[in-house]
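This report concerns only the one structure given below.
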Amino acid sequence: MIDYISGVILYSETLLDFKLGPILSNKGIIPGVRANGELTPIPLSSSEPRITSNTPIPLSSSEFRVQGLDNLLESLQRARAAGARFSKWRVPIACASPASGLPSRLSLEIQAETLAQYAAISQEAGLVPIVEPDVEFSADADLVRSAEVHERAIGMIYERMKVHGVLLEGSLIKPSFPQPGLNHTSRANVTPEDIALATATVLTRSVPAAVPGVLFLSGGLAPITATKYLAALNALVKASPPGSAFSRLPPLTFSFGRAIQGDAMKDWAKGDEAAAKAALGKWSKACWHAAKGEVM
């Protein structure tokens with residue numbers, strides 16, 4: 001597995017209590033830490049109801065802010081002393097058809113400001129920040145709508161990061177793939193090539209050239225789906241002519257959690273350690289190939 005994985009994101013408790021930082025570093029794997037706290041509903045967001053089946057539903061049932069900025073500097077300084085060299089902060093972004101009102105501008109502003117503050121604090125602590133805007137796909141957005149929300153959210157994040165003085169060259173982004181929602185009829189027919197084109201377009205329009213890399217999240221996708229999306233994206237970039245917008249994108253790789261660990265966790269729960277190791281190795285290698293535009 002160490003041939004295909006260059007970094008591991010740990011919970012703070014795991015990093016500090018089990019002292020895994022030096023162990024991973026000695027194996028050539030860079031330790032990182034999950035920095036974000038838990039979710040809480042956005043206050044007073046019920047003043048902007050969304051409509052589902054003609055029934056108003058408060059945005060607070062779908063939109064959240066992320067806790068954890070208080071005392072974050074001290075927490076990340078402890079993580080760095082324990083061996084961490086990067087950190088990650090996820091924010092959830094609701095996404096549905098335009099009629100739903102999701103995401104609200106209020107939510108996008110809150111998420112952008114939160115990620116910008118986090119990134120600045122992370123760099124002050126000596127860690128590379130990975131900003132993670134996770135646009136969910138459980139509703140009825142089509143691919144165009146999903147791409148629109150991704151582009152808007154990412155653009156707002158970088159606007160706030162510049163205001164906070166974040167060194168973009170010392171940061172990374174971990175976005176989701178634009179995709180139709182589970183409740184949209186087009187989802188069954190969308191191809192990895194469709195996802196690749198939408199994703200590359202979003203990145204060229206919203207991620208500044210100074211950002212050195214993009215690491216995609218799997219976001220609950222099946223392992224085979226996540227790897228196919230990443231492989232199609234990199235194949236598209238590799239096939240783009242020199243000087244095109246797509247050819248100027250930074251390295252596009254993976255920071256998959258469930259897509260790599262899901263099958264292994266099932267085997268581990270059954271007590272089959274050998275099968276768990278095999279599954280972990282299988283999907284790590286598949287993702288490594290996908291980052292080169294290849295389907296294993």
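The way I read the labels, and the way they are meant: chains A, B, ... in the order of the structure tokens, residue 1 as the first residue of every chain, and ligand 1 as the first ligand shown, with later ones counted on from there.
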Quiz item: Which neighbours of A:Arg105 fall inside 10 Å, counting only C-alpha atoms, when residues of the same chain fewer than 6 positions from it are skipped, and could you give them as an MDAnalysis selection string?
Solution: chainID A and resid 111 152:153
Quiz prompt | Residue contacts of A:Glu13 (12 Å, only C-alpha atoms) excluding same-chain residues fewer than 4 positions away, as an NGL selection string | solution = :A and (9 or 17-21 or 33-35 or 75 or 78-79 or 82)
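If you measure from each of A:Val149, A:Ala84, A:Leu168, A:Ala196 to A:Gly101 using only C-alpha atoms, the closest one turns out to be A:Val149.
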Practice problem: Could you check which of A:Ser87, A:Asn183, A:Thr225, A:Ser104 is closest to A:Glu124, using only C-alpha atoms? | Solution: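 Distance minimum relative to A:Glu124 lands on A:Ser87.
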Quiz item: Using only C-alpha atoms, which of A:Ile154, A:Ala120, A:Ala235, A:Leu72 sits nearest A:Ile93?
Solution: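 The answer is A:Ile154, which sits nearest to A:Ile93.
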Practice problem: Check the smallest atom-to-atom distance from each of A:Trp283, A:Leu73, A:Asp142, A:Gly262 to A:Ser186 using only C-alpha atoms, then report the winner. | Solution: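 Comparing A:Trp283, A:Leu73, A:Asp142, A:Gly262 against A:Ser186, the winner is A:Asp142.
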Exercise. Within 6 Å of stretch 242-259 of chain A, counting only C-alpha atoms, which residues show up once you throw out same-chain ones fewer than 2 positions away? Write them as a PyMOL selection string, please.
Key: chain A and resi 212-218+223+237+240+261-262+291
Those selected residues, please, written with C-alpha atoms and delivered as a PDB file, in the first residue's frame.
```pdb
ATOM      1  CA  PRO A 212      -0.530  23.258  -6.568  1.00  0.00           C
ATOM      2  CA  GLY A 213      -2.914  20.321  -6.430  1.00  0.00           C
ATOM      3  CA  VAL A 214      -6.472  18.992  -6.280  1.00  0.00           C
ATOM      4  CA  LEU A 215      -7.350  15.899  -4.215  1.00  0.00           C
ATOM      5  CA  PHE A 216     -10.844  14.568  -4.764  1.00  0.00           C
ATOM      6  CA  LEU A 217     -13.064  13.108  -2.081  1.00  0.00           C
ATOM      7  CA  SER A 218     -15.097  10.007  -2.809  1.00  0.00           C
ATOM      8  CA  PRO A 223     -15.042   2.546  -5.089  1.00  0.00           C
ATOM      9  CA  VAL A 237      -6.547  16.337 -19.127  1.00  0.00           C
ATOM     10  CA  SER A 240      -6.010  18.044 -23.998  1.00  0.00           C
ATOM     11  CA  GLN A 261     -11.294   1.583   3.102  1.00  0.00           C
ATOM     12  CA  GLY A 262     -14.909   0.470   2.663  1.00  0.00           C
ATOM     13  CA  ALA A 291      -4.629   9.509 -10.902  1.00  0.00           C
TER      14      ALA A 291
END
```
